[in-house]
$ cat structure35.cif   # mmCIF, C-alpha atoms; chains and numbers go by the auth columns
data_model
#
loop_
_atom_site.group_PDB
_atom_site.id
_atom_site.type_symbol
_atom_site.label_atom_id
_atom_site.label_comp_id
_atom_site.label_asym_id
_atom_site.label_seq_id
_atom_site.Cartn_x
_atom_site.Cartn_y
_atom_site.Cartn_z
_atom_site.B_iso_or_equiv
_atom_site.auth_seq_id
_atom_site.auth_asym_id
ATOM 1 C CA MET A 1 127.469 97.517 69.944 0.00 149 A
ATOM 2 C CA ASP A 2 127.590 97.393 73.740 0.00 150 A
ATOM 3 C CA LEU A 3 123.927 96.454 73.820 0.00 151 A
ATOM 4 C CA GLY A 4 124.449 93.561 71.394 0.00 152 A
ATOM 5 C CA LEU A 5 127.374 92.292 73.460 0.00 153 A
ATOM 6 C CA PHE A 6 125.226 92.501 76.612 0.00 154 A
ATOM 7 C CA TYR A 7 122.460 90.380 75.076 0.00 155 A
ATOM 8 C CA LEU A 8 125.007 87.892 73.708 0.00 156 A
ATOM 9 C CA LEU A 9 126.590 87.493 77.165 0.00 157 A
ATOM 10 C CA ALA A 10 123.145 87.299 78.794 0.00 158 A
ATOM 11 C CA VAL A 11 122.049 84.468 76.483 0.00 159 A
ATOM 12 C CA LEU A 12 125.403 82.715 77.019 0.00 160 A
ATOM 13 C CA SER A 13 125.116 82.941 80.809 0.00 161 A
ATOM 14 C CA LEU A 14 121.505 81.706 80.766 0.00 162 A
ATOM 15 C CA ALA A 15 122.328 78.781 78.468 0.00 163 A
ATOM 16 C CA SER A 16 125.300 77.681 80.577 0.00 164 A
ATOM 17 C CA ALA A 17 123.239 78.116 83.785 0.00 165 A
ATOM 18 C CA VAL A 18 120.691 75.698 82.308 0.00 166 A
ATOM 19 C CA GLY A 19 123.668 73.460 81.536 0.00 167 A
ATOM 20 C CA VAL A 20 124.759 73.549 85.199 0.00 168 A
ATOM 21 C CA VAL A 21 121.343 72.314 86.325 0.00 169 A
ATOM 22 C CA GLY A 22 120.683 69.954 83.417 0.00 170 A
ATOM 23 C CA GLN A 23 123.919 67.939 83.573 0.00 171 A
ATOM 24 C CA ARG A 24 124.078 64.642 85.417 0.00 172 A
ATOM 25 C CA ASN A 25 127.875 64.680 85.499 0.00 173 A
ATOM 26 C CA PRO A 26 129.068 67.222 88.145 0.00 174 A
ATOM 27 C CA THR A 27 132.337 67.875 86.279 0.00 175 A
ATOM 28 C CA TYR A 28 130.409 69.118 83.234 0.00 176 A
ATOM 29 C CA SER A 29 128.260 71.226 85.587 0.00 177 A
ATOM 30 C CA ALA A 30 131.429 72.827 86.954 0.00 178 A
ATOM 31 C CA PHE A 31 132.671 73.720 83.466 0.00 179 A
ATOM 32 C CA ALA A 32 129.261 75.151 82.522 0.00 180 A
ATOM 33 C CA LEU A 33 129.340 77.230 85.723 0.00 181 A
ATOM 34 C CA ILE A 34 132.756 78.623 84.720 0.00 182 A
ATOM 35 C CA VAL A 35 131.200 79.824 81.433 0.00 183 A
ATOM 36 C CA THR A 36 128.351 81.472 83.389 0.00 184 A
ATOM 37 C CA LEU A 37 130.790 83.230 85.723 0.00 185 A
ATOM 38 C CA CYS A 38 132.972 84.498 82.858 0.00 186 A
ATOM 39 C CA SER A 39 129.995 85.884 80.920 0.00 187 A
ATOM 40 C CA LEU A 40 128.719 87.599 84.078 0.00 188 A
ATOM 41 C CA SER A 41 132.180 89.135 84.428 0.00 189 A
ATOM 42 C CA GLY A 42 131.813 90.527 80.911 0.00 190 A
ATOM 43 C CA ILE A 43 128.431 91.990 81.837 0.00 191 A
ATOM 44 C CA TYR A 44 129.956 93.670 84.923 0.00 192 A
ATOM 45 C CA GLY A 45 132.623 95.165 82.673 0.00 193 A
ATOM 46 C CA LEU A 46 129.964 96.478 80.266 0.00 194 A
ATOM 47 C CA MET A 47 128.075 98.013 83.180 0.00 195 A
ATOM 48 C CA GLY A 48 131.097 100.076 84.168 0.00 196 A
ATOM 49 C CA SER A 49 132.489 98.007 87.066 0.00 197 A
ATOM 50 C CA PRO A 50 135.959 96.905 85.934 0.00 198 A
ATOM 51 C CA PHE A 51 137.149 96.084 89.468 0.00 199 A
ATOM 52 C CA ILE A 52 134.268 93.699 90.159 0.00 200 A
ATOM 53 C CA ALA A 53 134.697 92.160 86.691 0.00 201 A
ATOM 54 C CA ALA A 54 138.357 91.367 87.413 0.00 202 A
ATOM 55 C CA LEU A 55 137.462 90.081 90.888 0.00 203 A
ATOM 56 C CA GLN A 56 134.795 87.823 89.392 0.00 204 A
ATOM 57 C CA ILE A 57 137.391 86.155 87.147 0.00 205 A
ATOM 58 C CA VAL A 58 140.100 85.918 89.824 0.00 206 A
ATOM 59 C CA VAL A 59 138.000 84.853 92.819 0.00 207 A
ATOM 60 C CA TYR A 60 135.047 83.000 91.320 0.00 208 A
ATOM 61 C CA ALA A 61 136.215 81.497 88.021 0.00 209 A
ATOM 62 C CA GLY A 62 139.751 81.142 89.344 0.00 210 A
ATOM 63 C CA ALA A 63 139.877 80.241 93.024 0.00 211 A
ATOM 64 C CA ILE A 64 136.421 78.879 93.869 0.00 212 A
ATOM 65 C CA MET A 65 135.886 76.808 90.725 0.00 213 A
ATOM 66 C CA VAL A 66 139.403 75.345 90.943 0.00 214 A
ATOM 67 C CA LEU A 67 138.522 74.306 94.506 0.00 215 A
ATOM 68 C CA PHE A 68 135.343 72.642 93.208 0.00 216 A
ATOM 69 C CA LEU A 69 137.235 70.795 90.469 0.00 217 A
ATOM 70 C CA PHE A 70 139.903 69.678 92.972 0.00 218 A
ATOM 71 C CA VAL A 71 137.232 68.147 95.204 0.00 219 A
ATOM 72 C CA LEU A 72 135.452 66.540 92.219 0.00 220 A
ATOM 73 C CA MET A 73 138.689 64.880 91.130 0.00 221 A
ATOM 74 C CA LEU A 74 139.694 63.983 94.702 0.00 222 A
ATOM 75 C CA LEU A 75 136.415 62.161 95.353 0.00 223 A
ATOM 76 C CA ASN A 76 136.158 60.640 91.864 0.00 224 A
ATOM 77 C CA VAL A 77 132.471 61.571 91.599 0.00 225 A
ATOM 78 C CA LYS A 78 130.363 59.490 89.236 0.00 226 A
ATOM 79 C CA ARG A 79 127.414 60.819 87.288 0.00 227 A
ATOM 80 C CA GLU A 80 123.950 60.548 88.792 0.00 228 A
ATOM 81 C CA ALA A 81 122.125 57.396 87.682 0.00 229 A
ATOM 82 C CA ALA A 82 119.089 58.021 85.468 0.00 230 A
ATOM 83 C CA GLY A 83 116.577 56.651 87.960 0.00 231 A
ATOM 84 C CA GLU A 84 117.816 58.762 90.876 0.00 232 A
ATOM 85 C CA GLY A 85 116.313 62.031 91.938 0.00 233 A
ATOM 86 C CA PRO A 86 112.905 63.143 93.111 0.00 234 A
ATOM 87 C CA GLY A 87 109.768 61.523 91.719 0.00 235 A
ATOM 88 C CA ARG A 88 107.464 63.085 89.154 0.00 236 A
ATOM 89 C CA VAL A 89 105.204 64.727 91.762 0.00 237 A
ATOM 90 C CA LEU A 90 108.065 66.311 93.727 0.00 238 A
ATOM 91 C CA ARG A 91 109.663 67.443 90.488 0.00 239 A
ATOM 92 C CA GLY A 92 106.401 69.155 89.489 0.00 240 A
ATOM 93 C CA VAL A 93 106.156 70.813 92.911 0.00 241 A
ATOM 94 C CA ALA A 94 109.743 72.087 92.562 0.00 242 A
ATOM 95 C CA VAL A 95 109.073 73.588 89.125 0.00 243 A
ATOM 96 C CA ALA A 96 105.790 75.115 90.358 0.00 244 A
ATOM 97 C CA LEU A 97 107.484 76.707 93.385 0.00 245 A
ATOM 98 C CA ALA A 98 110.329 78.093 91.281 0.00 246 A
ATOM 99 C CA SER A 99 107.908 79.566 88.725 0.00 247 A
ATOM 100 C CA LEU A 100 105.805 81.060 91.525 0.00 248 A
ATOM 101 C CA PHE A 101 108.949 82.727 92.875 0.00 249 A
ATOM 102 C CA ALA A 102 109.880 84.010 89.397 0.00 250 A
ATOM 103 C CA VAL A 103 106.375 85.440 88.844 0.00 251 A
ATOM 104 C CA GLN A 104 106.320 87.144 92.257 0.00 252 A
ATOM 105 C CA VAL A 105 109.695 88.831 91.823 0.00 253 A
ATOM 106 C CA GLY A 106 108.837 89.601 88.190 0.00 254 A
ATOM 107 C CA VAL A 107 105.700 91.469 89.296 0.00 255 A
ATOM 108 C CA VAL A 108 107.762 93.487 91.792 0.00 256 A
ATOM 109 C CA LEU A 109 110.387 94.258 89.123 0.00 257 A
ATOM 110 C CA ALA A 110 107.685 95.308 86.638 0.00 258 A
ATOM 111 C CA GLY A 111 106.354 97.868 89.134 0.00 259 A
ATOM 112 C CA LEU A 112 109.837 99.230 89.799 0.00 260 A
ATOM 113 C CA ASN A 113 110.926 102.530 88.303 0.00 261 A
ATOM 114 C CA VAL A 114 114.651 102.037 87.683 0.00 262 A
ATOM 115 C CA ARG A 115 116.777 104.464 85.721 0.00 263 A
ATOM 116 C CA ARG A 116 117.677 103.019 82.318 0.00 264 A
ATOM 117 C CA GLY A 117 121.303 103.979 82.040 0.00 265 A
ATOM 118 C CA PRO A 118 123.953 104.829 84.640 0.00 266 A
ATOM 119 C CA ALA A 119 123.227 107.609 87.119 0.00 267 A
ATOM 120 C CA PRO A 120 125.000 110.890 86.277 0.00 268 A
ATOM 121 C CA GLY A 121 128.490 110.963 87.743 0.00 269 A
ATOM 122 C CA PHE A 122 128.567 107.210 88.360 0.00 270 A
ATOM 123 C CA ASP A 123 132.190 106.107 88.572 0.00 271 A
ATOM 124 C CA ALA A 124 133.137 102.629 89.806 0.00 272 A
ATOM 125 C CA SER A 125 136.812 102.790 88.900 0.00 273 A
ATOM 126 C CA THR A 126 139.285 100.904 91.078 0.00 274 A
ATOM 127 C CA ARG A 127 140.443 104.167 92.701 0.00 275 A
ATOM 128 C CA ARG A 128 136.887 105.119 93.758 0.00 276 A
ATOM 129 C CA MET A 129 136.252 101.542 94.911 0.00 277 A
ATOM 130 C CA ALA A 130 139.349 101.636 97.120 0.00 278 A
ATOM 131 C CA GLU A 131 138.327 105.001 98.559 0.00 279 A
ATOM 132 C CA THR A 132 134.917 103.594 99.483 0.00 280 A
ATOM 133 C CA LEU A 133 136.198 100.264 100.770 0.00 281 A
ATOM 134 C CA PHE A 134 138.927 101.753 102.990 0.00 282 A
ATOM 135 C CA SER A 135 136.858 104.604 104.401 0.00 283 A
ATOM 136 C CA LEU A 136 134.990 104.437 107.642 0.00 284 A
ATOM 137 C CA PRO A 137 131.677 102.624 107.306 0.00 285 A
ATOM 138 C CA PHE A 138 133.235 99.711 105.420 0.00 286 A
ATOM 139 C CA LEU A 139 136.707 99.650 106.970 0.00 287 A
ATOM 140 C CA TYR A 140 135.610 97.647 110.031 0.00 288 A
ATOM 141 C CA VAL A 141 133.704 95.198 107.828 0.00 289 A
ATOM 142 C CA PHE A 142 136.781 94.779 105.659 0.00 290 A
ATOM 143 C CA GLU A 143 138.900 93.968 108.726 0.00 291 A
ATOM 144 C CA ALA A 144 136.221 91.558 109.965 0.00 292 A
ATOM 145 C CA THR A 145 136.318 89.641 106.667 0.00 293 A
ATOM 146 C CA SER A 146 140.012 88.936 107.213 0.00 294 A
ATOM 147 C CA ILE A 147 139.081 87.208 110.489 0.00 295 A
ATOM 148 C CA LEU A 148 136.287 85.341 108.658 0.00 296 A
ATOM 149 C CA ILE A 149 138.733 84.105 106.013 0.00 297 A
ATOM 150 C CA LEU A 150 141.194 82.998 108.708 0.00 298 A
ATOM 151 C CA ALA A 151 138.419 81.113 110.548 0.00 299 A
ATOM 152 C CA ALA A 152 137.300 79.471 107.291 0.00 300 A
ATOM 153 C CA LEU A 153 140.895 78.440 106.560 0.00 301 A
ATOM 154 C CA VAL A 154 141.314 76.806 109.974 0.00 302 A
ATOM 155 C CA GLY A 155 137.842 75.248 109.764 0.00 303 A
ATOM 156 C CA ALA A 156 138.484 73.738 106.330 0.00 304 A
ATOM 157 C CA VAL A 157 141.786 72.203 107.486 0.00 305 A
ATOM 158 C CA VAL A 158 140.218 70.760 110.648 0.00 306 A
ATOM 159 C CA LEU A 159 137.132 69.388 108.857 0.00 307 A
ATOM 160 C CA ALA A 160 138.979 67.736 105.984 0.00 308 A
ATOM 161 C CA LYS A 161 141.764 66.300 108.140 0.00 309 A
ATOM 162 C CA LYS A 162 142.024 62.527 108.430 0.00 310 A
ATOM 163 C CA GLU A 163 141.117 61.434 111.928 0.00 311 A
ATOM 164 C CA PRO A 164 144.033 59.872 113.837 0.00 312 A
ATOM 165 C CA MET B 1 126.894 101.913 78.050 0.00 165 B
ATOM 166 C CA ASN B 2 123.145 102.107 77.563 0.00 166 B
ATOM 167 C CA ILE B 3 122.255 98.716 79.000 0.00 167 B
ATOM 168 C CA PRO B 4 118.653 98.776 80.262 0.00 168 B
ATOM 169 C CA ALA B 5 118.536 98.079 83.987 0.00 169 B
ATOM 170 C CA GLU B 6 115.232 96.173 83.661 0.00 170 B
ATOM 171 C CA HIS B 7 116.821 93.562 81.401 0.00 171 B
ATOM 172 C CA ALA B 8 119.804 93.101 83.697 0.00 172 B
ATOM 173 C CA LEU B 9 117.401 92.611 86.628 0.00 173 B
ATOM 174 C CA LEU B 10 115.374 90.100 84.589 0.00 174 B
ATOM 175 C CA LEU B 11 118.593 88.202 83.800 0.00 175 B
ATOM 176 C CA SER B 12 119.381 88.196 87.510 0.00 176 B
ATOM 177 C CA LEU B 13 115.887 86.842 88.287 0.00 177 B
ATOM 178 C CA ALA B 14 116.213 84.106 85.652 0.00 178 B
ATOM 179 C CA LEU B 15 119.632 83.009 86.949 0.00 179 B
ATOM 180 C CA PHE B 16 118.343 82.915 90.540 0.00 180 B
ATOM 181 C CA THR B 17 115.322 80.828 89.504 0.00 181 B
ATOM 182 C CA ILE B 18 117.528 78.364 87.604 0.00 182 B
ATOM 183 C CA GLY B 19 119.731 78.063 90.691 0.00 183 B
ATOM 184 C CA THR B 20 116.682 77.421 92.905 0.00 184 B
ATOM 185 C CA LEU B 21 115.463 74.725 90.513 0.00 185 B
ATOM 186 C CA GLY B 22 118.879 73.098 90.617 0.00 186 B
ATOM 187 C CA VAL B 23 118.862 73.008 94.426 0.00 187 B
ATOM 188 C CA PHE B 24 115.424 71.324 94.264 0.00 188 B
ATOM 189 C CA LEU B 25 116.155 68.866 91.458 0.00 189 B
ATOM 190 C CA ARG B 26 119.797 67.760 91.705 0.00 190 B
ATOM 191 C CA ARG B 27 120.800 64.950 94.067 0.00 191 B
ATOM 192 C CA ASN B 28 124.571 65.346 94.044 0.00 192 B
ATOM 193 C CA ILE B 29 125.641 67.526 96.968 0.00 193 B
ATOM 194 C CA ILE B 30 128.419 69.210 94.946 0.00 194 B
ATOM 195 C CA THR B 31 125.994 70.163 92.159 0.00 195 B
ATOM 196 C CA VAL B 32 123.628 71.605 94.791 0.00 196 B
ATOM 197 C CA PHE B 33 126.604 73.654 96.014 0.00 197 B
ATOM 198 C CA MET B 34 127.273 74.963 92.515 0.00 198 B
ATOM 199 C CA CYS B 35 123.617 75.975 92.188 0.00 199 B
ATOM 200 C CA ILE B 36 123.969 78.001 95.407 0.00 200 B
ATOM 201 C CA GLU B 37 126.983 79.757 93.846 0.00 201 B
ATOM 202 C CA LEU B 38 124.759 80.494 90.830 0.00 202 B
ATOM 203 C CA MET B 39 122.161 82.116 93.107 0.00 203 B
ATOM 204 C CA LEU B 40 124.851 84.226 94.812 0.00 204 B
ATOM 205 C CA ASN B 41 125.984 85.430 91.388 0.00 205 B
ATOM 206 C CA ALA B 42 122.434 86.369 90.410 0.00 206 B
ATOM 207 C CA VAL B 43 122.207 88.515 93.550 0.00 207 B
ATOM 208 C CA ASN B 44 125.581 90.104 92.709 0.00 208 B
ATOM 209 C CA LEU B 45 124.250 91.089 89.288 0.00 209 B
ATOM 210 C CA ALA B 46 121.220 92.749 90.915 0.00 210 B
ATOM 211 C CA PHE B 47 123.558 94.634 93.317 0.00 211 B
ATOM 212 C CA ILE B 48 125.687 95.910 90.404 0.00 212 B
ATOM 213 C CA THR B 49 122.614 96.964 88.437 0.00 213 B
ATOM 214 C CA PHE B 50 121.056 98.918 91.320 0.00 214 B
ATOM 215 C CA SER B 51 124.400 100.458 92.254 0.00 215 B
ATOM 216 C CA ARG B 52 124.755 101.755 88.699 0.00 216 B
ATOM 217 C CA ALA B 53 121.162 103.023 88.534 0.00 217 B
ATOM 218 C CA ILE B 54 121.326 104.779 91.914 0.00 218 B
ATOM 219 C CA GLY B 55 124.875 106.064 91.476 0.00 219 B
ATOM 220 C CA THR B 56 126.492 105.025 94.765 0.00 220 B
ATOM 221 C CA LEU B 57 129.283 102.503 95.269 0.00 221 B
ATOM 222 C CA ASP B 58 127.708 100.725 98.257 0.00 222 B
ATOM 223 C CA GLY B 59 126.314 97.977 96.017 0.00 223 B
ATOM 224 C CA GLN B 60 129.732 97.324 94.522 0.00 224 B
ATOM 225 C CA VAL B 61 131.325 97.066 97.963 0.00 225 B
ATOM 226 C CA LEU B 62 128.575 94.636 99.008 0.00 226 B
ATOM 227 C CA VAL B 63 129.374 92.487 95.957 0.00 227 B
ATOM 228 C CA PHE B 64 132.980 92.415 97.175 0.00 228 B
ATOM 229 C CA PHE B 65 131.844 91.152 100.590 0.00 229 B
ATOM 230 C CA VAL B 66 129.485 88.596 99.017 0.00 230 B
ATOM 231 C CA MET B 67 132.478 87.225 97.094 0.00 231 B
ATOM 232 C CA VAL B 68 134.561 86.989 100.273 0.00 232 B
ATOM 233 C CA VAL B 69 131.777 85.147 102.096 0.00 233 B
ATOM 234 C CA ALA B 70 131.240 82.863 99.075 0.00 234 B
ATOM 235 C CA ALA B 71 134.922 81.932 99.102 0.00 235 B
ATOM 236 C CA ALA B 72 134.829 81.136 102.834 0.00 236 B
ATOM 237 C CA GLU B 73 131.576 79.202 102.402 0.00 237 B
ATOM 238 C CA ALA B 74 132.949 77.169 99.475 0.00 238 B
ATOM 239 C CA SER B 75 136.118 76.170 101.359 0.00 239 B
ATOM 240 C CA VAL B 76 134.275 75.103 104.527 0.00 240 B
ATOM 241 C CA GLY B 77 131.438 73.459 102.568 0.00 241 B
ATOM 242 C CA LEU B 78 133.769 71.420 100.389 0.00 242 B
ATOM 243 C CA ALA B 79 135.728 70.339 103.479 0.00 243 B
ATOM 244 C CA ILE B 80 132.426 69.106 104.946 0.00 244 B
ATOM 245 C CA VAL B 81 131.698 67.285 101.651 0.00 245 B
ATOM 246 C CA ILE B 82 135.064 65.513 101.899 0.00 246 B
ATOM 247 C CA ALA B 83 134.373 64.531 105.538 0.00 247 B
ATOM 248 C CA VAL B 84 130.879 63.258 104.623 0.00 248 B
ATOM 249 C CA HIS B 85 132.240 61.256 101.697 0.00 249 B
ATOM 250 C CA ARG B 86 134.830 59.676 103.999 0.00 250 B
ATOM 251 C CA HIS B 87 132.162 58.604 106.517 0.00 251 B
ATOM 252 C CA LYS B 88 129.222 57.598 104.284 0.00 252 B
ATOM 253 C CA ASP B 89 130.939 56.896 100.942 0.00 253 B
ATOM 254 C CA THR B 90 128.184 58.706 99.051 0.00 254 B
ATOM 255 C CA LEU B 91 127.365 62.237 97.904 0.00 255 B
ATOM 256 C CA ASP B 92 123.618 61.677 97.439 0.00 256 B
ATOM 257 C CA VAL B 93 121.723 64.239 99.525 0.00 257 B
ATOM 258 C CA ASP B 94 118.874 61.729 100.066 0.00 258 B
ATOM 259 C CA ALA B 95 121.290 59.275 101.713 0.00 259 B
ATOM 260 C CA LEU B 96 122.466 61.898 104.222 0.00 260 B
ATOM 261 C CA SER B 97 119.458 61.770 106.553 0.00 261 B
ATOM 262 C CA ILE B 98 121.183 61.068 109.873 0.00 262 B
ATOM 263 C CA MET B 99 120.077 64.427 111.325 0.00 263 B
ATOM 264 C CA LYS B 100 116.451 63.702 110.371 0.00 264 B
ATOM 265 C CA TRP B 101 114.216 61.653 112.634 0.00 265 B
#
$ encode --input "structure35.cif" --output "structure tokens"
Amino acid sequence: MDLGLFYLLAVLSLASAVGVVGQRNPTYSAFALIVTLCSLSGIYGLMGSPFIAALQIVVYAGAIMVLFLFVLMLLNVKREAAGEGPGRVLRGVAVALASLFAVQVGVVLAGLNVRRGPAPGFDASTRRMAETLFSLPFLYVFEATSILILAALVGAVVLAKKEP
Amino acid sequence: MNIPAEHALLLSLALFTIGTLGVFLRRNIITVFMCIELMLNAVNLAFITFSRAIGTLDGQVLVFFVMVVAAAEASVGLAIVIAVHRHKDTLDVDALSIMKW
């Protein structure tokens, strides 16, 4: 049951990822990416990480993709013309490089000895996540991210501001 | 709960490769951005899988930080896209070659 749902979500995420890359209209790409993000959230839930699954929906599919769609509508982006894009040779080089990468990492993954199921005693509930996140090694990093977010906020306002 | 870790890692690899292809092939700067988000998500999936197989929560916490950085990166990047569109009136990455000699 769980296994079938995992494969269904995996196929869905792969198909919509191909949709993100294959579309010429960026708005359709954005909607396909939302489907990918939601199916990945389902996979996280199946793998016993409910906190990350909820975060994936709230932060990625919610906040970040809404930001993308805002900018797409603000700029009134048109679809790419058919003739645009890299030539045949460059396109072939791109596909060759990507497949080379996939084969290399695939060989490494094939030689890896990963446990099939969850490790015994694995518990990624929200309570355990909070205990890890707010305890010492990660506490400083957590505080540093708040400064990062503040800097990004100020930077975004300054960059997108109309010049006087 | 018996999801094989190898298949989750293969899914992560496939998503990352599709994202790489998109960065190579697409010309619209916003689509290139979305492909980078796709690659970040593939890495997140690998983190979750290894965290579950090893049994520590460090991978999950790292996914949290990757999400924070992705949010910051998206806001600053899209602000840059708006500024570029205002100056050059195009979003084609091939037209933005002013830093290239």
$ interface_residues --input "structure35.cif" --of "chain B" --to "chain A" --cutoff "7 Å" --atoms "all atoms listed in the file" --output "PyMOL selection string"
chain B and resi 165-169+175+177+179+181-182+184-186+188-191+195+216-219+221+225+235-236+238-240+243-244+246-247
$ closest_residue --input "structure35.cif" --among "B:Gly223, B:Val232, B:Ile194, B:Asn208" --to "A:Ile295" --atoms "only C-alpha atoms"
B:Val232
$ residues_around --input "structure35.cif" --residues "B:Asn192" --least-positions-apart "3" --cutoff "7 Å" --atoms "all atoms listed in the file" --output "MDAnalysis selection string"
chainID B and resid 195:196 255:257
$ atom_distance --input "structure35.cif" --atom1 "atom CA of A:Ile182" --atom2 "atom CA of B:Ala234"
15.0 Å
$ atom_distance --input "structure35.cif" --atom1 "atom CA of A:Tyr176" --atom2 "atom CA of B:Ala178"
20.8 Å
$ atom_distance --input "structure35.cif" --atom1 "atom CA of B:Val187" --atom2 "atom CA of B:Cys199"
6.0 Å
